[in-house]
file final_1.pdb (PDB, C-alpha atoms)
MODEL        1
ATOM      1  CA  MET A 497      83.710  -8.491 121.894
ATOM      2  CA  ASP A 498      85.371 -11.704 123.042
ATOM      3  CA  LYS A 499      83.863 -14.253 125.432
ATOM      4  CA  ASP A 500      85.711 -13.051 128.536
ATOM      5  CA  ALA A 501      84.763  -9.418 127.993
ATOM      6  CA  TYR A 502      81.137 -10.371 127.316
ATOM      7  CA  GLN A 503      81.002 -12.501 130.467
ATOM      8  CA  ALA A 504      82.488  -9.702 132.559
ATOM      9  CA  LYS A 505      79.982  -7.202 131.153
ATOM     10  CA  LEU A 506      77.077  -9.578 131.791
ATOM     11  CA  HIS A 507      78.254 -10.393 135.321
ATOM     12  CA  ALA A 508      78.543  -6.698 136.178
ATOM     13  CA  GLN A 509      75.057  -6.065 134.804
ATOM     14  CA  LEU A 510      73.619  -8.947 136.828
ATOM     15  CA  ASP A 511      75.130  -7.429 139.964
ATOM     16  CA  GLN A 512      73.713  -4.017 139.098
ATOM     17  CA  TRP A 513      70.241  -5.448 138.493
ATOM     18  CA  LYS A 514      70.360  -7.268 141.825
ATOM     19  CA  ALA A 515      71.209  -4.005 143.575
ATOM     20  CA  GLU A 516      68.374  -2.190 141.795
ATOM     21  CA  ILE A 517      65.878  -4.912 142.710
ATOM     22  CA  ASP A 518      67.058  -4.693 146.314
ATOM     23  CA  LYS A 519      66.487  -0.915 146.219
ATOM     24  CA  LEU A 520      62.948  -1.458 144.937
ATOM     25  CA  GLN A 521      62.386  -3.959 147.743
ATOM     26  CA  ALA A 522      63.538  -1.406 150.308
ATOM     27  CA  LYS A 523      61.402   1.303 148.726
ATOM     28  CA  SER A 524      58.358  -0.965 148.827
ATOM     29  CA  ARG A 525      58.546  -1.105 152.613
ATOM     30  CA  GLU A 526      57.767   2.610 152.737
ATOM     31  CA  ALA A 527      54.727   2.354 150.459
ATOM     32  CA  SER A 528      51.063   1.963 151.315
ATOM     33  CA  ALA A 529      49.611  -1.531 151.545
ATOM     34  CA  ASP A 530      48.081  -1.313 148.053
ATOM     35  CA  MET A 531      51.332  -0.087 146.555
ATOM     36  CA  GLN A 532      53.305  -2.787 148.367
ATOM     37  CA  ILE A 533      51.297  -5.406 146.480
ATOM     38  CA  LYS A 534      52.158  -3.743 143.171
ATOM     39  CA  TYR A 535      55.813  -3.485 144.168
ATOM     40  CA  GLN A 536      55.920  -7.154 145.125
ATOM     41  CA  GLU A 537      54.384  -8.233 141.816
ATOM     42  CA  GLN A 538      56.940  -6.178 139.912
ATOM     43  CA  ILE A 539      59.826  -7.380 142.083
ATOM     44  CA  LYS A 540      58.784 -11.009 141.558
ATOM     45  CA  ASP A 541      58.760 -10.469 137.792
ATOM     46  CA  LEU A 542      62.168  -8.780 137.886
ATOM     47  CA  ARG A 543      63.671 -11.579 139.962
ATOM     48  CA  GLU A 544      62.349 -14.147 137.500
ATOM     49  CA  LYS A 545      63.833 -12.256 134.559
ATOM     50  CA  ARG A 546      67.134 -11.890 136.399
ATOM     51  CA  ALA A 547      67.149 -15.644 137.075
ATOM     52  CA  GLU A 548      66.711 -16.197 133.331
ATOM     53  CA  MET A 549      69.722 -13.957 132.755
ATOM     54  CA  GLU A 550      71.751 -15.975 135.239
ATOM     55  CA  THR A 551      70.846 -19.118 133.290
ATOM     56  CA  GLU A 552      72.039 -17.472 130.073
ATOM     57  CA  TYR A 553      75.223 -16.379 131.849
ATOM     58  CA  ASP A 554      75.831 -19.957 133.002
ATOM     59  CA  LYS A 555      75.361 -21.249 129.441
ATOM     60  CA  ILE A 556      77.917 -18.809 128.094
ATOM     61  CA  GLN A 557      80.329 -19.525 130.916
ATOM     62  CA  ALA A 558      80.143 -23.279 130.236
ATOM     63  CA  ALA A 559      80.324 -22.960 126.445
ATOM     64  CA  SER A 560      83.500 -23.439 124.480
ATOM     65  CA  LEU A 561      85.153 -20.486 122.798
ATOM     66  CA  GLU A 562      83.600 -21.558 119.506
ATOM     67  CA  ALA A 563      80.095 -22.263 120.812
ATOM     68  CA  TRP A 564      79.493 -19.292 123.104
ATOM     69  CA  LYS A 565      78.433 -17.062 120.228
ATOM     70  CA  ASP A 566      75.493 -19.416 119.613
ATOM     71  CA  PHE A 567      74.161 -18.473 123.062
ATOM     72  CA  LYS A 568      74.906 -14.774 122.663
ATOM     73  CA  THR A 569      71.793 -14.022 120.590
ATOM     74  CA  GLY A 570      69.447 -15.480 123.204
ATOM     75  CA  THR A 571      71.355 -13.742 125.960
ATOM     76  CA  ASP A 572      71.183 -10.405 124.171
ATOM     77  CA  GLN A 573      67.418 -10.795 123.805
ATOM     78  CA  ALA A 574      67.004 -11.699 127.493
ATOM     79  CA  TRP A 575      69.249  -8.750 128.378
ATOM     80  CA  ASP A 576      67.010  -6.368 126.413
ATOM     81  CA  ASN A 577      63.902  -7.777 128.100
ATOM     82  CA  MET A 578      65.447  -7.346 131.543
ATOM     83  CA  SER A 579      66.619  -3.814 130.777
ATOM     84  CA  LYS A 580      63.138  -2.822 129.622
ATOM     85  CA  ALA A 581      61.547  -4.381 132.700
ATOM     86  CA  MET A 582      63.932  -2.524 135.019
ATOM     87  CA  LYS A 583      63.271   0.797 133.283
ATOM     88  CA  SER A 584      59.543   0.205 133.446
ATOM     89  CA  ALA A 585      59.672  -0.629 137.146
ATOM     90  CA  TRP A 586      61.685   2.451 138.015
ATOM     91  CA  SER A 587      59.474   4.742 135.968
ATOM     92  CA  ARG A 588      56.372   3.195 137.486
ATOM     93  CA  PHE A 589      57.509   3.551 141.083
ATOM     94  CA  SER A 590      59.495   6.783 140.917
TER      95      SER A 590
ENDMDL
END
call {"tool": "encode", "arguments": {"input": "final_1.pdb", "output": "structure tokens"}}
result
Amino acid sequence: MDKDAYQAKLHAQLDQWKAEIDKLQAKSREASADMQIKYQEQIKDLREKRAEMETEYDKIQAASLEAWKDFKTGTDQAWDNMSKAMKSAWSRFS
């Protein structure tokens, strides 16, 4: 996969994660007070992980065509962590 395709894929995933976090936020408003606290903790964690992904995205976007692959490994790892966190949140609150 070339740099442009990777960036496009990552950008689309960031948008999707934002939408999913927003859905969790909306769902939390319907929960009991105790559950709202759990939702908010999970949402905070997800937003932090998503911010890390945005940082990785920015690194790749700023990198030269030769250097971007050096950032790809770290980005792939952060991507996996974010994906697992999103799956865990949805399974926990579904």
call {"tool": "resolve_selection", "arguments": {"input": "final_1.pdb", "expression": "the PyMOL selection byres ((chain A and resi 538-540) around 9)", "output": "NGL selection string"}}
result
:A and (517-518 or 520-521 or 533-537 or 541-545 or 581 or 585)
call {"tool": "write_last_selection", "arguments": {"input": "final_1.pdb", "atoms": "C-alpha atoms", "output": "short mmCIF file (atom, residue, chain, number, x, y, z; two decimals), in the coordinates of the input"}}
result
data_model
loop_
_atom_site.label_atom_id
_atom_site.label_comp_id
_atom_site.auth_asym_id
_atom_site.auth_seq_id
_atom_site.Cartn_x
_atom_site.Cartn_y
_atom_site.Cartn_z
CA ILE A 517 65.88 -4.91 142.71
CA ASP A 518 67.06 -4.69 146.31
CA LEU A 520 62.95 -1.46 144.94
CA GLN A 521 62.39 -3.96 147.74
CA ILE A 533 51.30 -5.41 146.48
CA LYS A 534 52.16 -3.74 143.17
CA TYR A 535 55.81 -3.48 144.17
CA GLN A 536 55.92 -7.15 145.12
CA GLU A 537 54.38 -8.23 141.82
CA ASP A 541 58.76 -10.47 137.79
CA LEU A 542 62.17 -8.78 137.89
CA ARG A 543 63.67 -11.58 139.96
CA GLU A 544 62.35 -14.15 137.50
CA LYS A 545 63.83 -12.26 134.56
CA ALA A 581 61.55 -4.38 132.70
CA ALA A 585 59.67 -0.63 137.15
#
call {"tool": "atom_distance", "arguments": {"input": "final_1.pdb", "atom1": "CA of Thr551 (chain A)", "atom2": "CA of Leu510 (chain A)"}}
result
11.1 Å
call {"tool": "resolve_selection", "arguments": {"input": "final_1.pdb", "expression": "the PyMOL selection byres ((chain A and resi 547-549) around 10)", "output": "VMD selection string"}}
result
chain A and resid 506 to 507 509 to 510 541 to 546 550 to 555 570 to 575 577 to 578
call {"tool": "atom_distance", "arguments": {"input": "final_1.pdb", "atom1": "CA of Lys505 (chain A)", "atom2": "CA of Arg588 (chain A)"}}
result
26.6 Å
call {"tool": "atom_distance", "arguments": {"input": "final_1.pdb", "atom1": "CA of Asp576 (chain A)", "atom2": "CA of Arg525 (chain A)"}}
result
28.0 Å
call {"tool": "closest_residue", "arguments": {"input": "final_1.pdb", "among": "A:Ala515, A:Met582, A:Ala563, A:Ile556", "to": "Tyr502 (chain A)", "atoms": "only C-alpha atoms"}}
result
A:Ile556
call {"tool": "closest_residue", "arguments": {"input": "final_1.pdb", "among": "A:Asp566, A:Ala522, A:Ala558, A:Glu516", "to": "Trp586 (chain A)", "atoms": "only C-alpha atoms"}}
result
A:Glu516
call {"tool": "closest_residue", "arguments": {"input": "final_1.pdb", "among": "A:Ala508, A:Lys523, A:Trp513, A:Ala501", "to": "Phe589 (chain A)", "atoms": "all atoms listed in the file"}}
result
A:Lys523
call {"tool": "closest_residue", "arguments": {"input": "final_1.pdb", "among": "A:Lys519, A:Ser528, A:Lys565, A:Gln557", "to": "Ala504 (chain A)", "atoms": "all atoms listed in the file"}}
result
A:Gln557
